[in-house]
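Below: my_file.txt (compact mmCIF, C-alpha atoms and all ligand atoms)
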```txt
# COMPACT_ATOMS: atom_id res chain seq x y z
CA MET K 1 9.31 -49.27 -32.18
CA SER K 2 7.72 -45.85 -31.68
CA GLU K 3 8.97 -43.40 -29.08
CA LEU K 4 5.98 -44.27 -26.98
CA ASP K 5 6.33 -48.04 -27.22
CA SER K 6 9.92 -47.73 -26.21
CA ALA K 7 8.96 -45.45 -23.32
CA ALA K 8 6.42 -47.99 -22.14
CA SER K 9 8.82 -50.90 -22.21
CA VAL K 10 10.35 -51.87 -18.92
CA GLY K 11 13.23 -49.70 -17.78
CA ALA K 12 12.93 -47.37 -20.76
CA GLN K 13 13.35 -43.67 -20.30
CA LYS K 14 10.17 -41.70 -19.80
CA THR K 15 9.26 -38.96 -22.25
CA ASN K 16 9.79 -35.56 -20.65
CA LEU K 17 6.75 -33.45 -21.57
CA LEU K 18 8.25 -30.18 -20.30
CA GLY K 19 9.96 -29.17 -23.55
CA LEU K 20 7.45 -30.53 -26.07
CA SER K 21 5.82 -28.05 -28.45
CA GLN K 22 2.06 -28.21 -28.96
CA GLU K 23 2.55 -30.25 -32.16
CA LYS K 24 4.84 -32.72 -30.43
CA LEU K 25 2.47 -33.05 -27.47
CA GLU K 26 -0.41 -33.69 -29.86
CA ALA K 27 1.60 -36.40 -31.58
CA PHE K 28 2.43 -37.87 -28.18
CA PHE K 29 -1.22 -38.07 -27.11
CA THR K 30 -2.35 -39.37 -30.49
CA ALA K 31 0.21 -42.16 -30.20
CA LEU K 32 -1.21 -42.95 -26.74
CA GLY K 33 -4.65 -43.32 -28.34
CA GLU K 34 -5.85 -40.06 -26.78
CA LYS K 35 -7.52 -36.96 -28.21
CA ARG K 36 -5.31 -34.10 -29.34
CA PHE K 37 -6.91 -31.58 -26.97
CA ARG K 38 -5.06 -33.28 -24.13
CA ALA K 39 -2.02 -31.38 -25.35
CA ALA K 40 -3.62 -28.02 -24.50
CA GLN K 41 -4.71 -29.33 -21.11
CA ILE K 42 -1.28 -30.59 -20.18
CA MET K 43 0.43 -27.43 -21.44
CA LYS K 44 -1.72 -25.37 -19.05
CA TRP K 45 -0.96 -27.66 -16.15
CA ILE K 46 2.76 -27.53 -16.77
CA HIS K 47 3.39 -23.98 -17.96
CA GLN K 48 0.51 -21.97 -16.49
CA LEU K 49 0.09 -23.71 -13.17
CA GLY K 50 3.60 -25.11 -12.69
CA VAL K 51 2.34 -28.61 -11.91
CA SER K 52 4.74 -31.47 -12.57
CA ASP K 53 2.90 -34.32 -10.82
CA PHE K 54 0.29 -35.99 -13.06
CA ALA K 55 -1.73 -36.96 -9.95
CA GLU K 56 -2.58 -33.28 -9.43
CA MET K 57 -3.95 -32.81 -12.97
CA THR K 58 -7.55 -33.17 -11.94
CA ASN K 59 -9.30 -32.59 -15.27
CA ILE K 60 -7.52 -35.63 -16.68
CA SER K 61 -9.08 -39.06 -16.01
CA LYS K 62 -7.44 -41.20 -13.37
CA ALA K 63 -6.71 -43.91 -15.93
CA LEU K 64 -4.87 -41.49 -18.20
CA ARG K 65 -2.98 -39.95 -15.29
CA GLU K 66 -1.76 -43.42 -14.35
CA LYS K 67 -0.81 -44.17 -17.93
CA LEU K 68 1.09 -40.90 -18.12
CA GLY K 69 2.90 -41.75 -14.92
CA ASP K 70 4.16 -44.94 -16.58
CA VAL K 71 5.43 -43.44 -19.82
CA ALA K 72 6.04 -39.77 -19.18
CA GLU K 73 7.34 -37.22 -16.72
CA VAL K 74 7.58 -33.47 -16.27
CA LYS K 75 11.14 -32.91 -15.24
CA ALA K 76 12.88 -29.55 -14.91
CA PRO K 77 16.66 -29.28 -14.77
CA GLU K 78 18.19 -29.12 -11.31
CA VAL K 79 19.13 -25.81 -9.72
CA VAL K 80 22.40 -26.17 -7.83
CA GLN K 81 22.34 -22.67 -6.48
CA GLN K 82 20.15 -19.59 -6.47
CA LEU K 83 21.78 -16.25 -5.75
CA ASP K 84 19.97 -13.01 -4.98
CA SER K 85 21.54 -9.61 -5.50
CA VAL K 86 20.71 -6.53 -3.44
CA ASP K 87 19.27 -4.98 -6.62
CA GLY K 88 16.78 -7.80 -7.10
CA THR K 89 18.79 -9.60 -9.77
CA ARG K 90 18.49 -13.35 -9.26
CA LYS K 91 20.85 -15.88 -10.70
CA PHE K 92 20.28 -19.61 -11.08
CA LEU K 93 23.08 -22.10 -11.53
CA ILE K 94 21.67 -25.15 -13.24
CA LYS K 95 23.23 -28.59 -13.44
CA VAL K 96 23.21 -30.08 -16.92
CA GLY K 97 25.27 -33.24 -16.43
CA GLY K 98 28.93 -34.09 -16.87
CA GLY K 99 29.88 -31.59 -14.16
CA ASN K 100 28.61 -28.75 -16.34
CA VAL K 101 26.59 -25.83 -15.10
CA ILE K 102 24.67 -23.22 -17.06
CA GLU K 103 23.34 -19.90 -15.90
CA THR K 104 20.02 -18.12 -16.03
CA VAL K 105 19.73 -14.56 -14.78
CA TYR K 106 16.63 -12.58 -13.86
CA ILE K 107 16.89 -8.79 -14.01
CA PRO K 108 14.04 -6.67 -12.61
CA GLU K 109 13.74 -3.13 -13.86
CA GLY K 110 10.72 -1.02 -13.03
CA ASP K 111 7.61 -2.93 -14.00
CA ARG K 112 9.61 -5.18 -16.27
CA GLY K 113 11.42 -8.39 -15.40
CA THR K 114 13.79 -9.90 -17.95
CA LEU K 115 15.00 -13.48 -17.87
CA CYS K 116 18.28 -14.13 -19.66
CA VAL K 117 18.24 -17.72 -20.88
CA SER K 118 21.08 -19.99 -22.05
CA SER K 119 20.84 -22.10 -25.21
CA GLN K 120 24.03 -24.17 -25.15
CA VAL K 121 26.62 -25.45 -22.70
CA GLY K 122 29.55 -23.27 -23.80
CA CYS K 123 29.78 -21.93 -27.34
CA SER K 124 31.74 -22.97 -30.43
CA LEU K 125 32.04 -19.51 -32.00
CA ASP K 126 34.94 -18.28 -29.91
CA CYS K 127 34.36 -14.55 -30.01
CA SER K 128 37.56 -12.99 -28.70
CA PHE K 129 35.83 -10.84 -26.05
CA CYS K 130 33.51 -13.52 -24.61
CA ALA K 131 34.26 -15.78 -21.66
CA THR K 132 31.66 -18.34 -22.75
CA GLY K 133 33.49 -18.65 -26.06
CA LYS K 134 36.75 -19.29 -24.19
CA GLN K 135 35.14 -22.26 -22.42
CA GLY K 136 34.65 -24.02 -25.74
CA PHE K 137 31.54 -25.92 -26.75
CA ASN K 138 30.14 -28.81 -24.76
CA ARG K 139 26.65 -29.52 -26.07
CA ASP K 140 23.30 -28.09 -27.14
CA LEU K 141 20.64 -27.73 -24.47
CA ARG K 142 17.47 -29.74 -25.06
CA SER K 143 14.17 -27.85 -25.35
CA ASP K 144 13.15 -29.00 -21.85
CA GLU K 145 16.39 -27.54 -20.48
CA ILE K 146 15.73 -24.22 -22.24
CA ILE K 147 12.06 -23.77 -21.32
CA GLY K 148 12.94 -25.38 -17.98
CA GLN K 149 14.94 -22.23 -17.14
CA VAL K 150 11.76 -20.16 -17.51
CA TRP K 151 9.73 -22.75 -15.56
CA LEU K 152 12.23 -22.81 -12.68
CA ALA K 153 12.44 -19.04 -12.49
CA ALA K 154 8.65 -18.65 -12.62
CA LYS K 155 8.34 -21.23 -9.83
CA SER K 156 10.94 -19.47 -7.69
CA PHE K 157 8.90 -16.24 -7.91
CA GLY K 158 5.60 -17.91 -7.08
CA GLN K 159 4.37 -16.88 -10.52
CA PHE K 160 2.33 -20.06 -10.99
CA ALA K 161 0.00 -19.36 -8.05
CA PRO K 162 -3.54 -18.26 -9.11
CA ASP K 163 -2.87 -14.64 -8.13
CA GLY K 164 0.91 -14.99 -8.35
CA PRO K 165 3.00 -11.99 -9.45
CA ARG K 166 3.82 -11.88 -13.15
CA LYS K 167 7.51 -11.41 -12.62
CA ILE K 168 8.89 -12.59 -15.95
CA THR K 169 7.67 -10.13 -18.56
CA ASN K 170 10.55 -10.50 -21.03
CA VAL K 171 12.93 -13.23 -22.13
CA VAL K 172 16.22 -12.71 -23.95
CA MET K 173 18.21 -15.58 -25.43
CA MET K 174 21.45 -13.93 -24.34
CA GLY K 175 22.84 -16.38 -21.84
CA MET K 176 25.46 -18.96 -22.73
CA GLY K 177 25.60 -20.22 -26.29
CA GLU K 178 24.57 -19.25 -29.79
CA PRO K 179 20.82 -19.85 -30.08
CA LEU K 180 20.78 -20.18 -33.88
CA LEU K 181 23.21 -23.10 -33.66
CA ASN K 182 20.61 -24.96 -31.59
CA PHE K 183 17.78 -23.95 -33.86
CA ASP K 184 14.98 -26.49 -33.31
CA ASN K 185 15.26 -26.67 -29.54
CA VAL K 186 15.44 -22.89 -29.19
CA VAL K 187 12.46 -22.38 -31.51
CA ASP K 188 10.36 -24.94 -29.62
CA ALA K 189 11.22 -23.32 -26.31
CA MET K 190 10.58 -19.75 -27.53
CA ASN K 191 7.24 -20.77 -28.99
CA LEU K 192 6.27 -22.20 -25.59
CA MET K 193 7.26 -18.89 -23.95
CA MET K 194 4.84 -17.06 -26.26
CA HIS K 195 2.02 -19.64 -26.27
CA ASP K 196 -1.26 -18.48 -24.73
CA ASN K 197 -1.60 -21.76 -22.85
CA CYS K 198 1.87 -21.29 -21.40
CA TYR K 199 3.62 -18.06 -20.42
CA GLY K 200 1.84 -15.86 -22.96
CA ILE K 201 4.80 -13.50 -23.36
CA SER K 202 4.34 -11.27 -26.39
CA LYS K 203 6.61 -11.79 -29.39
CA ARG K 204 7.98 -8.30 -28.86
CA ARG K 205 9.19 -9.35 -25.44
CA VAL K 206 11.01 -12.52 -26.46
CA THR K 207 14.35 -11.67 -28.06
CA LEU K 208 16.78 -13.94 -29.84
CA SER K 209 20.34 -12.66 -29.92
CA THR K 210 22.74 -13.95 -32.55
CA SER K 211 26.31 -13.32 -33.54
CA GLY K 212 25.26 -13.91 -37.13
CA VAL K 213 24.57 -17.47 -38.24
CA VAL K 214 23.12 -16.22 -41.53
CA PRO K 215 21.69 -19.44 -43.04
CA ALA K 216 19.77 -20.13 -39.81
CA LEU K 217 18.60 -16.51 -39.58
CA ASP K 218 17.34 -16.79 -43.16
CA LYS K 219 15.06 -19.62 -42.00
CA LEU K 220 13.92 -18.13 -38.71
CA SER K 221 10.91 -16.18 -39.98
CA GLU K 222 9.39 -19.44 -41.28
CA VAL K 223 9.03 -20.76 -37.76
CA THR K 224 8.76 -17.85 -35.34
CA ASP K 225 8.39 -14.08 -35.08
CA VAL K 226 10.32 -13.18 -31.95
CA SER K 227 12.32 -9.96 -31.68
CA LEU K 228 15.84 -9.98 -33.02
CA ALA K 229 19.12 -8.72 -31.60
CA ILE K 230 22.31 -8.78 -33.66
CA SER K 231 25.65 -8.88 -31.86
CA LEU K 232 27.48 -6.55 -34.23
CA HIS K 233 30.22 -5.02 -32.04
CA ALA K 234 32.06 -3.45 -34.98
CA PRO K 235 31.49 -0.83 -37.67
CA ASN K 236 33.48 -2.70 -40.36
CA ASP K 237 34.51 -6.22 -41.35
CA GLU K 238 38.15 -5.74 -40.41
CA ILE K 239 37.35 -5.16 -36.74
CA ARG K 240 34.47 -7.63 -36.68
CA ASP K 241 36.69 -10.37 -38.13
CA GLU K 242 38.84 -10.03 -35.02
CA LEU K 243 35.99 -9.91 -32.51
CA VAL K 244 33.56 -12.39 -34.05
CA PRO K 245 35.43 -15.00 -36.14
CA LEU K 246 32.15 -16.09 -37.71
CA ASN K 247 32.21 -12.76 -39.57
CA ARG K 248 34.83 -14.18 -41.94
CA LYS K 249 32.17 -16.58 -43.16
CA TYR K 250 29.16 -14.25 -43.01
CA PRO K 251 30.34 -10.65 -43.28
CA ILE K 252 28.41 -7.62 -42.05
CA ALA K 253 26.59 -6.84 -45.31
CA ARG K 254 25.14 -10.36 -45.55
CA LEU K 255 24.23 -10.37 -41.88
CA LEU K 256 22.40 -7.04 -42.03
CA GLU K 257 20.58 -8.09 -45.18
CA SER K 258 19.43 -11.30 -43.53
CA ALA K 259 18.35 -9.41 -40.39
CA GLN K 260 16.37 -6.93 -42.47
CA ASN K 261 14.68 -9.74 -44.36
CA TYR K 262 13.69 -11.28 -41.04
CA ILE K 263 12.14 -8.03 -39.82
CA SER K 264 10.37 -7.39 -43.14
CA ALA K 265 8.71 -10.79 -42.94
CA MET K 266 6.93 -9.68 -39.76
CA PRO K 267 3.30 -8.73 -40.30
CA ASP K 268 3.48 -5.72 -37.94
CA ALA K 269 5.30 -2.66 -39.18
CA HIS K 270 7.78 -0.63 -37.14
CA ARG K 271 9.68 -3.54 -35.65
CA LYS K 272 13.32 -2.76 -35.12
CA ILE K 273 16.46 -4.82 -34.92
CA THR K 274 18.40 -4.36 -31.70
CA ILE K 275 22.09 -3.86 -32.47
CA GLU K 276 24.38 -4.94 -29.64
CA TYR K 277 27.73 -3.20 -29.64
CA THR K 278 30.27 -4.11 -26.97
CA LEU K 279 32.71 -1.24 -26.54
CA ILE K 280 36.35 -2.14 -25.98
CA ASP K 281 38.99 0.45 -25.12
CA GLN K 282 40.73 1.80 -28.26
CA LEU K 283 39.52 -1.08 -30.41
CA ASN K 284 36.05 -0.07 -31.52
CA ASP K 285 35.23 2.94 -29.33
CA ARG K 286 36.68 5.86 -31.31
CA PRO K 287 34.55 8.69 -32.74
CA GLU K 288 35.36 7.52 -36.27
CA HIS K 289 33.96 4.09 -35.39
CA ALA K 290 30.72 5.71 -34.23
CA GLU K 291 30.53 7.69 -37.47
CA GLN K 292 31.16 4.56 -39.50
CA LEU K 293 28.53 2.67 -37.55
CA ALA K 294 26.01 5.44 -38.15
CA ALA K 295 26.71 5.34 -41.88
CA LEU K 296 26.48 1.54 -41.93
CA LEU K 297 23.09 1.51 -40.20
CA GLN K 298 21.65 4.61 -41.85
CA ASP K 299 18.92 2.76 -43.72
CA VAL K 300 18.39 -0.13 -41.32
CA PRO K 301 15.55 0.02 -38.76
CA VAL K 302 17.57 -0.35 -35.56
CA LYS K 303 17.95 0.65 -31.97
CA ILE K 304 21.47 0.42 -30.65
CA ASN K 305 22.45 -0.99 -27.29
CA LEU K 306 25.96 -0.05 -26.19
CA ILE K 307 27.57 -2.53 -23.80
CA PRO K 308 30.78 -1.66 -21.94
CA PHE K 309 33.15 -4.62 -22.29
CA ASN K 310 33.29 -6.67 -19.13
CA PRO K 311 36.95 -7.72 -18.63
CA PHE K 312 37.93 -11.25 -17.64
CA SER K 313 41.22 -12.99 -16.97
CA LEU K 314 41.67 -14.72 -20.34
CA SER K 315 41.31 -11.50 -22.28
CA ASN K 316 43.65 -8.55 -22.73
CA TYR K 317 40.92 -6.18 -23.84
CA LYS K 318 40.05 -3.26 -21.58
CA ARG K 319 36.72 -1.74 -20.71
CA VAL K 320 35.79 1.41 -22.62
CA SER K 321 36.34 4.63 -20.64
CA ASN K 322 33.21 6.46 -19.52
CA ASN K 323 34.18 9.42 -21.67
CA ALA K 324 34.58 7.36 -24.81
CA LEU K 325 31.31 5.57 -24.04
CA ARG K 326 29.33 8.82 -23.69
CA ARG K 327 31.01 10.33 -26.74
CA PHE K 328 30.17 7.26 -28.82
CA GLN K 329 26.55 7.35 -27.68
CA GLN K 330 26.25 11.08 -28.41
CA ILE K 331 27.49 10.73 -31.97
CA LEU K 332 24.87 8.08 -32.64
CA ILE K 333 22.13 10.18 -31.06
CA ASP K 334 23.23 13.18 -33.10
CA ARG K 335 22.89 11.04 -36.23
CA GLY K 336 19.30 10.28 -35.26
CA PHE K 337 19.66 6.84 -33.65
CA THR K 338 18.18 5.52 -30.45
CA ALA K 339 21.31 4.50 -28.57
CA THR K 340 21.18 3.31 -24.97
CA ILE K 341 23.85 2.12 -22.60
CA ARG K 342 23.44 -1.23 -20.88
CA THR K 343 24.53 -1.05 -17.28
CA THR K 344 25.84 -3.85 -15.18
CA ARG K 345 23.42 -5.53 -12.82
CA GLY K 346 23.83 -8.05 -10.05
CA GLU K 347 27.55 -7.50 -9.61
CA ASP K 348 27.48 -8.76 -6.03
CA ILE K 349 26.31 -12.18 -7.22
CA ASP K 350 28.59 -12.20 -10.23
CA ALA K 351 25.66 -12.13 -12.60
CA ALA K 352 28.23 -11.92 -15.36
CA CYS K 353 27.67 -15.19 -17.14
CA GLY K 354 30.36 -17.79 -17.82
CA GLN K 355 32.78 -16.94 -15.06
CA LEU K 356 30.86 -18.46 -12.22
CA ALA K 357 29.76 -21.53 -14.11
CA GLY K 358 33.39 -22.20 -14.82
CA GLN K 359 34.23 -22.02 -11.13
CA VAL K 360 31.25 -23.77 -9.66
CA LYS K 361 33.36 -26.36 -7.89
CA ASP K 362 35.41 -23.70 -6.18
CA ARG K 363 33.11 -23.23 -3.21
CA THR K 364 35.48 -21.36 -0.92
CA ARG K 365 36.30 -18.64 -3.38
CA ARG K 366 32.70 -18.31 -4.34
CA SER K 367 31.42 -17.78 -0.83
CA GLU K 368 34.10 -15.12 -0.39
CA ARG K 369 32.94 -13.35 -3.49
CA TYR K 370 29.30 -13.44 -2.48
CA LYS K 371 29.80 -11.21 0.48
CA ILE K 372 27.70 -8.36 -0.65
CA ASP K 373 29.50 -5.21 -1.55
CA ALA K 374 26.75 -2.70 -2.01
CA ALA K 375 29.23 -0.02 -2.99
CA ALA K 376 30.22 -2.03 -6.03
CA PHE K 377 26.70 -1.83 -7.22
CA VAL K 378 25.72 0.03 -10.34
CA LYS K 379 22.10 0.92 -10.52
CA SER K 380 20.60 0.51 -13.91
CA ASN K 381 18.95 3.44 -15.62
CA SER K 382 18.85 1.96 -19.08
CA ASP K 383 15.49 1.71 -20.79
CA GLU K 384 16.84 -0.87 -23.18
CA ILE K 385 16.90 -4.65 -22.81
CA PRO K 386 18.41 -4.95 -19.35
CA VAL K 387 20.80 -7.81 -19.69
CA ARG K 388 23.77 -8.57 -17.52
CA LEU K 389 27.09 -8.76 -19.23
CA ILE K 390 27.82 -12.28 -20.25
CA ASN K 391 31.50 -12.55 -19.46
N1 LIG V 1 25.63 -16.00 -28.81
C1 LIG V 1 24.67 -14.97 -28.82
C2 LIG V 1 23.94 -14.80 -27.50
C3 LIG V 1 24.77 -14.85 -26.28
S1 LIG V 1 25.98 -13.58 -26.10
C4 LIG V 1 25.30 -13.67 -29.27
O1 LIG V 1 26.51 -13.59 -29.36
O2 LIG V 1 24.53 -12.75 -29.56
C5 LIG V 1 24.98 -12.28 -25.38
C6 LIG V 1 25.62 -10.89 -25.44
O3 LIG V 1 26.68 -10.72 -24.48
C7 LIG V 1 26.23 -10.60 -26.78
O4 LIG V 1 25.87 -9.35 -27.27
C8 LIG V 1 27.69 -10.67 -26.48
O5 LIG V 1 28.40 -10.00 -27.39
C9 LIG V 1 27.77 -10.06 -25.09
N2 LIG V 1 29.06 -10.30 -24.40
C10 LIG V 1 29.79 -11.42 -24.43
N3 LIG V 1 30.94 -11.28 -23.72
C11 LIG V 1 30.94 -10.02 -23.24
C12 LIG V 1 31.87 -9.27 -22.44
N4 LIG V 1 33.00 -9.79 -22.01
N5 LIG V 1 31.53 -8.00 -22.12
C13 LIG V 1 30.37 -7.48 -22.56
N6 LIG V 1 29.47 -8.14 -23.32
C14 LIG V 1 29.73 -9.40 -23.68
FE1 LIG V 2 29.20 -17.51 -28.47
FE2 LIG V 2 27.76 -15.22 -28.30
FE3 LIG V 2 29.98 -15.62 -26.77
FE4 LIG V 2 30.26 -15.25 -29.41
S1 LIG V 2 29.41 -13.77 -27.92
S2 LIG V 2 31.31 -16.84 -28.18
S3 LIG V 2 28.45 -16.29 -30.19
S4 LIG V 2 28.06 -16.77 -26.67
```
What does this structure look like when you write it as structure tokens?
Ligand code: SAH
Ligand code: SF4
Amino acid sequence: MSELDSAASVGAQKTNLLGLSQEKLEAFFTALGEKRFRAAQIMKWIHQLGVSDFAEMTNISKALREKLGDVAEVKAPEVVQQLDSVDGTRKFLIKVGGGNVIETVYIPEGDRGTLCVSSQVGCSLDCSFCATGKQGFNRDLRSDEIIGQVWLAAKSFGQFAPDGPRKITNVVMMGMGEPLLNFDNVVDAMNLMMHDNCYGISKRRVTLSTSGVVPALDKLSEVTDVSLAISLHAPNDEIRDELVPLNRKYPIARLLESAQNYISAMPDAHRKITIEYTLIDQLNDRPEHAEQLAALLQDVPVKINLIPFNPFSLSNYKRVSNNALRRFQQILIDRGFTATIRTTRGEDIDAACGQLAGQVKDRTRRSERYKIDAAAFVKSNSDEIPVRLIN
């Protein structure tokens, strides 16, 4: 029985069209006995106009709308809570079943608005400095749950209205999870973000961040051409083995080679790899580490984003001191690199990922913590990818 036959049978689950790529939508309509161009029509309704009710899709015949109502649906994941920071950062807590919650964070900065999207519930890679890793892995998000984060955020900003503000200009796959371990769903969702019939975000403004799943990265250029961020965090394998256990399998040299191959496969020259480097007190923040990092990246086209470690209860690591942070940055700049510091945003709504999702049932504590403390606020002046710290 085909997917469609089964969907049509009584009581069967409807096909959710929200996360289907153009190819999958075309296959869906072909199986319904419809022309392929219906795919483009429906994509515009869903992702350009934010319409989820087939009855409102007026350029589609009434008969087909009714048929669609029987076998399909456009269903976004459910937002359990939306939190707004005094600095404009907005955080969505999204229910994904089994009592689990994922997070999506929107960070405005000048004329740019970056949405930080999750790819998995938890993460299996267990990086020693990451709270998501400490939660363990629960499951991959489906493509509708990934693109659904963009859809929900766009809807909350009124972006779908004919003259609605174009709030989401950038997307970074830097929320919970390792995107390359959920390859197909992440690729489908990212391609929808960039599609002209959908959000039309340029490939330079959609960024996949990975801790280094080399075999998947080797395949990525065959299916997409988004921007790439590598979570390096260390200038040598010894330190990286401790921070990112996956490094023992795919050490730095292999990872950088794979990342460079990905960039070289891009038709447009001058694209750079973003290197993410989380600075932890005494561990990877010394001048000699900066020198080593500069030597390591000497011939790699990169821009470096320095992230002060965001402490959390299950970790003994400490945040880098401001002095060490500035010194580290200066050494890299002196060696000719673009090195920016990522500042914390949305602290009053705990826009640090992972923590809040883990405590979502603890309503009393949460409401305490949401009392806005403007003094605790750090205004961002970074011109790099403005992403909240994940912890
Ligand atoms: N799994 C992917 C994407 C999600 S992690 C990856 O690792 O790249 C997104 C970013 O947040 C990564 O650069 C990660 O290293 C960083 N991060 C995680 N925990 C952090 C913490 N406690 N403080 C600061 N940055 C952290
Ligand atoms: Fe997973 Fe990224 Fe956290 Fe590592 S840093 S545990 S890969 S989410």
Residues within 7 Å of ligand LIG 2 (chain V), counting all atoms listed in the file: report them as a short mmCIF file (atom, residue, chain, number, x, y, z; two decimals) with C-alpha atoms, in the frame of the given file.
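Final output, saved to result22.cif:
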```cif
data_model
loop_
_atom_site.label_atom_id
_atom_site.label_comp_id
_atom_site.auth_asym_id
_atom_site.auth_seq_id
_atom_site.Cartn_x
_atom_site.Cartn_y
_atom_site.Cartn_z
CA CYS K 123 29.78 -21.93 -27.34
CA SER K 124 31.74 -22.97 -30.43
CA LEU K 125 32.04 -19.51 -32.00
CA ASP K 126 34.94 -18.28 -29.91
CA CYS K 127 34.36 -14.55 -30.01
CA CYS K 130 33.51 -13.52 -24.61
CA ALA K 131 34.26 -15.78 -21.66
CA THR K 132 31.66 -18.34 -22.75
CA GLY K 133 33.49 -18.65 -26.06
CA MET K 176 25.46 -18.96 -22.73
CA GLY K 177 25.60 -20.22 -26.29
CA GLU K 178 24.57 -19.25 -29.79
CA THR K 210 22.74 -13.95 -32.55
CA SER K 211 26.31 -13.32 -33.54
CA VAL K 244 33.56 -12.39 -34.05
#
```
Restricting to only C-alpha atoms, whichever of K:Val121, K:Ile107, K:Val214, K:Ile333 is closest to Val172 in chain K is K:Ile107
**Request:** In the coordinate frame of the file, compute which residues have an atom within 12 Å of (-5.8, -34.5, -23.9) when using all atoms listed in the file, and state them as a ChimeraX atom specification.
**Result:** /K:22,25-45,57,59-61,64-65,68
query = So which one's closest to ligand LIG 1 (chain V), K:Asp334, K:Asp163, K:Glu103, K:Asp111? Using all atoms listed in the file, please.
reply =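 Among the listed residues, the smallest separation from ligand LIG 1 (chain V) belongs to K:Glu103.
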Practice problem: Could you pull out the residues sitting within 8 Å of ligand LIG 1 (chain V), using all atoms listed in the file, and write them as a ChimeraX atom specification? | Solution: /K:118,123,125,127,129-132,173-179,208-212,229-233,276-279,307-312,388-391
Taking into account all atoms listed in the file, which residue in the set K:Gln282, K:Gln159, K:Gln298, K:Gln260 is nearest to Leu49 in chain K?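 Looking only at the distances to Leu49 in chain K, the closest residue turns out to be K:Gln159.
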Range 212-258 of chain K residues near range 190-207 of chain K within 7 Å, closest pair each, using all atoms listed in the file, as CSV:
```
residue,atom,partner,partner_atom,distance
K:Asp225,CA,K:Lys203,CA,6.4
K:Val226,CA,K:Lys203,CA,4.7
K:Ser227,CA,K:Thr207,CA,4.5
K:Leu228,CA,K:Thr207,CA,5.4
K:Ala229,CA,K:Thr207,CA,6.6
```
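The space separating CA of Leu115 in chain K from CA of Ile168 in chain K comes to 6.5 Å.
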Given the point (4.2, -18.4, -8.8) in the file's coordinates, find the residues that have an atom at most 12 Å from it, counting all atoms listed in the file, and give them as a short mmCIF file (atom, residue, chain, number, x, y, z; two decimals) with C-alpha atoms, in the coordinates of the input.
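And here's part-v4.cif as it stands now:
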```cif
data_model
loop_
_atom_site.label_atom_id
_atom_site.label_comp_id
_atom_site.auth_asym_id
_atom_site.auth_seq_id
_atom_site.Cartn_x
_atom_site.Cartn_y
_atom_site.Cartn_z
CA HIS K 47 3.39 -23.98 -17.96
CA GLN K 48 0.51 -21.97 -16.49
CA LEU K 49 0.09 -23.71 -13.17
CA GLY K 50 3.60 -25.11 -12.69
CA VAL K 51 2.34 -28.61 -11.91
CA VAL K 150 11.76 -20.16 -17.51
CA TRP K 151 9.73 -22.75 -15.56
CA LEU K 152 12.23 -22.81 -12.68
CA ALA K 153 12.44 -19.04 -12.49
CA ALA K 154 8.65 -18.65 -12.62
CA LYS K 155 8.34 -21.23 -9.83
CA SER K 156 10.94 -19.47 -7.69
CA PHE K 157 8.90 -16.24 -7.91
CA GLY K 158 5.60 -17.91 -7.08
CA GLN K 159 4.37 -16.88 -10.52
CA PHE K 160 2.33 -20.06 -10.99
CA ALA K 161 0.00 -19.36 -8.05
CA PRO K 162 -3.54 -18.26 -9.11
CA ASP K 163 -2.87 -14.64 -8.13
CA GLY K 164 0.91 -14.99 -8.35
CA PRO K 165 3.00 -11.99 -9.45
CA ARG K 166 3.82 -11.88 -13.15
CA LYS K 167 7.51 -11.41 -12.62
CA ILE K 168 8.89 -12.59 -15.95
CA TYR K 199 3.62 -18.06 -20.42
#
```
Of K:Arg326, K:Lys272, K:Arg342, K:Arg139, the one nearest to Ala290 in chain K when counting all atoms listed in the file is K:Arg326
* **Interatomic distance (Å, one decimal) between CA of Asp218 in chain K and CA of Ala234 in chain K** =>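 CA of Ala234 in chain K lies 21.5 Å from CA of Asp218 in chain K.
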### Query
If we count all atoms listed in the file, what is near Ser221 in chain K at a cut-off of 10 Å, once residues fewer than 4 positions away on the same chain are taken out, given as a VMD selection string?
chain K and resid 216 to 217 225 to 226 261 to 266
